[in-house]
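Novice: Mind having a look at this structure? Questions to follow.
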Amino acid sequence: MQVNNRLIKSGLIAAFFALPIWLVSASGMPQTDEEVDRLKEKAINEEIYKLPVWSALLHSENGHANISDANFLLSHKNFSLALELKQTIEFLYKGDPGNVCRFPARYYWLRQNLDFPELSLDSCPEVVEFRHKAPIDEISIVFASETVSQPASMLGHSFLKLSGKNDRGIEVSHAITFYTDINTYNLPKLLFDSLVIGKQGYFALSPYDEMQRRYVDEEQRNLWEYGLLLNNSQIELIRLHLLELKHTKLTYFFQKYNCATLLNFVISLTGKPMPDITWWLTPKDLIKNAQHAGLISSTRIITPSRWLFRALATQVPLLDQRAIRQQIIQGKVDNNFFQSGSEDSFIQLELAGAYNQYANHAGELNNSVWTGNEEAISKIKEHSFTGMQLSSNDKNNPINTPGDRQISVSTQNDNGEQSLMLTVLPVSHTLLDDNRGYAAESSLQLFAATLKAPLYGGPLSLDRLVFFDMESLMPHDEFTGGKSSRFHIAIEPQKNAQLENSQVFTTSGALGVTNRVVPDVDLFVFLGGGVGFKGQNGYLYTTIETGTIIREVWDMKSLLSITRTDNQIDQRSNYYTAWFSHSKFMNRNNTINLDWKLDVNETSRRSLLSFTLKNIF
C-alpha cells in the first residue's frame, strides 16, 4: 500500500513509460455493421459480461467501476458490464484495426471465449517490445513488509515480479508497481487527499534488483516473494492487461483503490474464485486471497541485514556480539572464533555476515573491507559449515498473520458507571494484539470508532474516534540503533483537574526508547505531548510514560505502564495513570482482553475496569 515520492525521481518508471504510444494499425479488416451486431448479440446472449474475468478486466466490483478514465472505460458516462462489452466489440471490430493495440487483453479474452475474428497483436509495437524487454515465464506477488518510516506503508506494499529469459537466454526480472506521490509532510492533508478526493496514481515498470535494493538494503524491509501457479494463457492475459493499464489515468485511494486492490484485479484474470473485496483490502489480504485461490506455488523471503542481525542476536551472548562486531569493523574475521560444525558457531557466523552487510549499508565500512569480510565469511562457511542453513519462522509469513481488521465488544465499569462498548477498527492492529509477526510491538489504527451504551439509562454516544494512530516500540541495541515513536489524531475523552471526562479533539506525539531485556520482555519510556481543542479553546499538554510489555506462555501478553499527564484540558494540573492490560489469544482470530486503569491526583481518583471480546478478520 505504497505512497512514495522517491520512485518518480529515481527513474524507476522510465522503462515502462518510455515505450511508444499505441498509434499504429494492425492487420485485419473492419467488420460490417451487421457482422459487428452479430458479434455483440453472441456475446450478450452467452452472458460473458457476467463472468468474473470480465469484471477484473474492467477493475469493477459489484457493478462499480474503480477507474473513471474515458480512455479505459468506453461506457464511462453510463457504465455497466454489458454496455462496456458492446462498446468494446464495436471499438475493436468496427473502427480502426489498430484499436486492438489499446485493448489487447480484452481482445485476447474475447477471442478465447467466443472465437471472435482474429486481429493481429504482432502489429502492435508495445506488445512486441514488452514481450522483448520484459519476458514473462513466471509471475510472483511480492510483499514488502511494514515500515514506520512511511506512515502510508505501515500496512506494507505489494507489487508484481515478472521473470523470464530474454532473446539472449539471460534470466531477467522486472517489477510492476502501483503507487502515489507524497508531496506534503502534512499528514492530515495526506490522509484527506488519499482517502477522500484521491491522488494521482503511477503505474511503473523497473528492474527488479533496483526495487530489491531499495526495500531490503535502504529501507531494511523483508521481501516475501510468492510464485504464482499460472499457465501460458493466464500469463499472456496478464501481460496484455498490464499494457492496457499503462495508458490509463489511475486515481489512488488508500482505502479502496491501492496497490493491493489493483493487483487483486490483475490476479483475478486467472479465473480462479477470489474472495469478495470487503472493507479495506490490504497487501496482506492480497497474499491471503492468492493463497485461498490456490495460486501460490512457492515462497521465498529476502531478509534485510538489520532484521536478520536482530533476530540472530537473541541467540548470541552480548560479549560475543561485541567481539564479532570488532572483527567486522577491523576487517579481520577470525577463523578460530567459529567452531567447526557447531550450530552456535554457525549462528555467530551468520550474525557476522548480517552485521557486515548492515555496517556497509550504514556507511561504517568501505567496500574493500566489506568485500574482504564477505570473502572470509564465505570461506569459513564453505570449509566448516557445509550444508548448514538458517530456518525461517513460518509464523512471520504474512499468509499466517492475523487479519487487518477487527471488531470488539466490551463491558466497562468506569468509576461505577457500567456501559457496553463496541469498537470497529477498519484496518490494522493495536498494541494489545498478537504482534509477533511484526518486527516490533506496534499499532496502526485508521478511523477506529468506539460507541458507548450505558447499561442503566443514558443515550448511545460516540466515545472515541481515532483518525490516525501510529505507535512503534522498536527495541534499541548498541549495534543497529532503533527508536520508538507515537503519533495520534483523535476525538476522545480527556480528563480535567477533577478527573472528569470531556470530549476533545487532540493531536499528540511522543519519542521514546525501548529495551528488549530478554526475548519476551520489552521495557519502554516515552516523552511526548500534544495540543487539544475543547470548543474554541486550545491548549498544550505533556506526557511521560514508562512501562513494560511481556509476551507470555500459552499465547498470552501483558502490558503495564505508568503515565504522568500535565495540563490536560488546560487545567494547569497533573495526574498519574496506572494501566494494566492482559490479553489471551484464543486463536488467530479471537482475543480476550482484561484492562484496569487507575487515575489519581492530589484530590481525586478514578478507576476503570473492562472485559473485551475481540474478533480479528
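Residues in the C-alpha cells are numbered from 1 in each chain, the chains being A, B, ... in the order shown, and ligands are numbered from 1 in the order shown.
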Using only C-alpha atoms, what table do you get, as CSV, when you list each residue of stretch 81-159 of chain A with an atom no more than 12 Å from stretch 277-284 of chain A, its nearest pair of atoms, and their distance in Å rounded to one decimal, rows by chain then rising number?
Specialist:
```
residue,atom,partner,partner_atom,distance
A:Ile141,CA,A:Pro283,CA,9.8
A:Val142,CA,A:Pro283,CA,9.3
A:Phe143,CA,A:Pro283,CA,6.9
A:Ala144,CA,A:Pro283,CA,8.7
A:Ser145,CA,A:Pro283,CA,9.3
A:Glu146,CA,A:Pro283,CA,9.9
A:Ala152,CA,A:Thr282,CA,11.5
A:Ser153,CA,A:Pro283,CA,9.9
A:Met154,CA,A:Pro283,CA,10.5
A:Leu155,CA,A:Thr282,CA,6.8
A:Gly156,CA,A:Pro283,CA,6.3
A:His157,CA,A:Pro283,CA,5.8
A:Ser158,CA,A:Pro283,CA,5.4
A:Phe159,CA,A:Pro283,CA,8.9
```
Novice: Find the spatial neighbours of stretch 293-305 of chain A, counting only C-alpha atoms, within a cut-off of 10 Å - ignore same-chain residues fewer than 3 positions away - and output them as a ChimeraX atom specification.
Specialist: /A:140-144,212-213,215-230,267-268,270-275,287-290,308-311,351,353-361,392,397,480
Novice: Got time to write the residues from that selection, C-alpha atoms, as a tab-separated table (two decimals), in the first residue's frame?
Specialist:
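So selection-v8.tsv came out as:
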```tsv
chain	number	residue	atom	x	y	z
A	140	SER	CA	5.26	-13.56	-8.43
A	141	ILE	CA	3.45	-11.34	-5.97
A	142	VAL	CA	5.95	-9.54	-3.76
A	143	PHE	CA	5.10	-8.24	-0.30
A	144	ALA	CA	7.35	-5.59	1.22
A	212	GLN	CA	15.03	-5.17	-4.06
A	213	ARG	CA	17.96	-2.90	-3.17
A	215	TYR	CA	13.37	-2.15	0.06
A	216	VAL	CA	15.92	-4.57	1.53
A	217	ASP	CA	19.14	-2.54	1.69
A	218	GLU	CA	17.94	1.06	2.01
A	219	GLU	CA	14.68	0.66	3.93
A	220	GLN	CA	15.59	-2.64	5.68
A	221	ARG	CA	12.26	-4.32	4.92
A	222	ASN	CA	11.61	-8.02	4.38
A	223	LEU	CA	10.56	-9.04	0.89
A	224	TRP	CA	8.30	-12.08	0.55
A	225	GLU	CA	8.09	-13.48	-2.97
A	226	TYR	CA	5.11	-15.70	-3.76
A	227	GLY	CA	5.42	-17.54	-7.08
A	228	LEU	CA	2.05	-17.95	-8.84
A	229	LEU	CA	0.84	-21.16	-10.42
A	230	LEU	CA	-0.14	-19.92	-13.91
A	267	ILE	CA	-4.61	-11.94	-10.40
A	268	SER	CA	-8.39	-12.35	-10.75
A	270	THR	CA	-6.68	-16.19	-13.79
A	271	GLY	CA	-10.36	-17.02	-13.43
A	272	LYS	CA	-9.76	-18.58	-10.03
A	273	PRO	CA	-12.51	-17.84	-7.47
A	274	MET	CA	-11.32	-14.97	-5.29
A	275	PRO	CA	-12.90	-13.75	-2.03
A	287	ILE	CA	-1.47	-12.58	-0.45
A	288	LYS	CA	-4.13	-14.44	1.51
A	289	ASN	CA	-6.57	-14.13	-1.42
A	290	ALA	CA	-3.99	-15.69	-3.75
A	308	LEU	CA	18.50	-10.67	10.45
A	309	PHE	CA	21.08	-9.31	12.87
A	310	ARG	CA	18.39	-8.53	15.45
A	311	ALA	CA	16.82	-11.97	15.05
A	351	LEU	CA	25.43	-12.86	12.61
A	353	GLY	CA	27.59	-11.78	7.78
A	354	ALA	CA	24.44	-9.85	8.68
A	355	TYR	CA	26.40	-7.18	10.53
A	356	ASN	CA	28.92	-6.90	7.69
A	357	GLN	CA	26.05	-6.12	5.31
A	358	TYR	CA	24.38	-3.71	7.72
A	359	ALA	CA	27.60	-1.82	8.52
A	360	ASN	CA	28.32	-1.41	4.82
A	361	HIS	CA	24.82	-0.03	4.08
A	392	SER	CA	12.70	-19.24	8.93
A	397	ASN	CA	4.85	-15.38	6.93
A	480	THR	CA	21.94	-1.11	14.92
```
Novice: Counting only C-alpha atoms, which residue out of A:Leu431, A:Met474, A:Val333, A:Leu594 sits closest to A:Arg551?
Specialist: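 With only C-alpha atoms as the atom set, the closest residue is A:Leu431.
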Novice: Apply DSSP to the structure's backbone, then extract all residues of stretch 192-405 of chain A labelled strand (DSSP E) and return them as a ChimeraX atom specification.
Specialist: /A:199-207,223-228,251-252,296-302
Novice: Create the file for the chosen residues now, containing C-alpha atoms and written as a PDB file, in the first residue's frame.
Specialist:
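Heads up, here's the output in out_21.pdb:
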```pdb
ATOM      1  CA  LYS A 199      -4.382  11.186  -5.596  1.00  0.00           C
ATOM      2  CA  GLN A 200      -2.748  10.623  -8.959  1.00  0.00           C
ATOM      3  CA  GLY A 201      -1.667   7.013  -9.285  1.00  0.00           C
ATOM      4  CA  TYR A 202       1.516   5.910 -11.036  1.00  0.00           C
ATOM      5  CA  PHE A 203       1.996   2.569 -12.746  1.00  0.00           C
ATOM      6  CA  ALA A 204       5.652   1.748 -13.272  1.00  0.00           C
ATOM      7  CA  LEU A 205       7.947  -0.970 -14.579  1.00  0.00           C
ATOM      8  CA  SER A 206      11.524  -1.147 -13.311  1.00  0.00           C
ATOM      9  CA  PRO A 207      14.390  -3.657 -12.958  1.00  0.00           C
ATOM     10  CA  LEU A 223      10.562  -9.036   0.887  1.00  0.00           C
ATOM     11  CA  TRP A 224       8.302 -12.075   0.548  1.00  0.00           C
ATOM     12  CA  GLU A 225       8.088 -13.483  -2.973  1.00  0.00           C
ATOM     13  CA  TYR A 226       5.108 -15.705  -3.760  1.00  0.00           C
ATOM     14  CA  GLY A 227       5.417 -17.540  -7.075  1.00  0.00           C
ATOM     15  CA  LEU A 228       2.054 -17.947  -8.836  1.00  0.00           C
ATOM     16  CA  THR A 251      -6.611   7.552  -9.207  1.00  0.00           C
ATOM     17  CA  TYR A 252      -5.132   6.200  -5.985  1.00  0.00           C
ATOM     18  CA  ILE A 296       0.715 -19.764  -4.697  1.00  0.00           C
ATOM     19  CA  SER A 297       3.241 -22.380  -5.756  1.00  0.00           C
ATOM     20  CA  SER A 298       6.385 -21.229  -3.898  1.00  0.00           C
ATOM     21  CA  THR A 299       7.530 -18.841  -1.184  1.00  0.00           C
ATOM     22  CA  ARG A 300      10.880 -17.076  -0.823  1.00  0.00           C
ATOM     23  CA  ILE A 301      11.958 -14.488   1.737  1.00  0.00           C
ATOM     24  CA  ILE A 302      14.706 -11.908   1.234  1.00  0.00           C
TER      25      ILE A 302
END
```
Novice: Figure out the distance between atom CA of A:Gly341 and atom CA of A:Ile380, please, to one decimal in Å.
Specialist: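 Those two atoms sit 10.6 Å apart.
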Novice: Would you give me, as JSON, numbers by chain, the residues in stretch 291-438 of chain A that DSSP reads as alpha helix (DSSP H)?
Specialist: {"A": [291, 292, 305, 306, 307, 308, 309, 310, 311, 312, 313, 318, 319, 320, 321, 322, 323, 324, 325, 326, 327, 328, 329, 330, 343, 344, 345, 346, 347, 348, 349, 350, 351, 352, 353, 354, 355, 356, 357, 358, 359, 360, 361, 367, 368, 369, 370, 371, 372, 373, 374, 375, 376, 377, 378, 379, 380, 381, 382, 383, 384]}
Novice: Please identify all polymer residues within 7 Å of A:Val513, counting only C-alpha atoms, omitting same-chain residues fewer than 4 positions from it, and present them as a ChimeraX atom specification.
Specialist: /A:476,483-484,524-526
Novice: Do you know which residues are at most 12 Å from A:Phe611 counting only C-alpha atoms, after dropping those on the same chain fewer than 5 positions away, and could you put them as a PDB file with C-alpha atoms, in the first residue's frame?
Specialist:
```
ATOM      1  CA  SER A 408     -14.598  -5.859  19.713  1.00  0.00           C
ATOM      2  CA  VAL A 409     -17.329  -5.779  22.358  1.00  0.00           C
ATOM      3  CA  SER A 410     -16.548  -4.714  25.930  1.00  0.00           C
ATOM      4  CA  THR A 411     -18.267  -4.416  29.261  1.00  0.00           C
ATOM      5  CA  GLN A 412     -16.871  -1.448  31.169  1.00  0.00           C
ATOM      6  CA  ASN A 413     -17.131  -0.153  34.705  1.00  0.00           C
ATOM      7  CA  ASP A 414     -15.886   3.437  34.750  1.00  0.00           C
ATOM      8  CA  GLN A 418     -21.419   0.487  33.683  1.00  0.00           C
ATOM      9  CA  SER A 419     -21.508   0.536  29.881  1.00  0.00           C
ATOM     10  CA  LEU A 420     -21.362  -1.665  26.852  1.00  0.00           C
ATOM     11  CA  MET A 421     -18.712  -0.622  24.301  1.00  0.00           C
ATOM     12  CA  LEU A 422     -18.481  -1.512  20.617  1.00  0.00           C
ATOM     13  CA  SER A 581      -3.814  -4.962  30.307  1.00  0.00           C
ATOM     14  CA  HIS A 582      -3.773  -8.724  29.857  1.00  0.00           C
ATOM     15  CA  SER A 583      -4.554 -10.480  26.564  1.00  0.00           C
ATOM     16  CA  LYS A 584      -5.219 -14.113  25.829  1.00  0.00           C
ATOM     17  CA  THR A 591      -8.750 -12.498  21.658  1.00  0.00           C
ATOM     18  CA  ILE A 592      -9.876 -11.855  25.224  1.00  0.00           C
ATOM     19  CA  ASN A 593      -8.652  -8.682  26.956  1.00  0.00           C
ATOM     20  CA  LEU A 594      -8.839  -7.607  30.604  1.00  0.00           C
ATOM     21  CA  ASP A 595      -7.976  -3.954  31.305  1.00  0.00           C
ATOM     22  CA  TRP A 596      -7.647  -1.983  34.524  1.00  0.00           C
TER      23      TRP A 596
END
```
Novice: Figure out the distance between atom CA of A:Asp285 and atom CA of A:Tyr208, please, to one decimal in Å.
Specialist: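 So the two atoms, atom CA of A:Tyr208 and atom CA of A:Asp285, lie 22.7 Å apart.
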Novice: Give me the residues near stretch 335-340 of chain A as an mmCIF file with C-alpha atoms, in the first residue's frame, where near means some atom within 7 Å (using only C-alpha atoms) and where sequence neighbours in that chain fewer than 2 positions away do not count.
Specialist:
```
data_model
loop_
_atom_site.group_PDB
_atom_site.id
_atom_site.type_symbol
_atom_site.label_atom_id
_atom_site.label_comp_id
_atom_site.auth_asym_id
_atom_site.auth_seq_id
_atom_site.Cartn_x
_atom_site.Cartn_y
_atom_site.Cartn_z
ATOM 1 C CA VAL A 333 37.367 -12.158 10.613
ATOM 2 C CA SER A 342 28.827 -26.150 15.877
ATOM 3 C CA SER A 345 29.099 -21.018 15.883
ATOM 4 C CA LEU A 349 28.961 -16.660 11.610
ATOM 5 C CA ILE A 380 34.675 -20.294 6.692
ATOM 6 C CA SER A 384 33.425 -25.578 8.363
ATOM 7 C CA PHE A 385 29.645 -25.390 7.926
#
```
Novice: Between A:Leu613, A:Leu110, A:Leu121, A:Val369, which residue has the minimum interatomic distance to A:Gly98, considering only C-alpha atoms?
Specialist: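 Closest to A:Gly98, using only C-alpha atoms: A:Leu121.
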Novice: Can you tell me, as a PyMOL selection string, what residues are no more than 12 Å from A:Lys94 when counting only C-alpha atoms, ignoring any on the same chain fewer than 5 positions away?
Specialist: chain A and resi 28-37+39-40+86-89+99-100+117
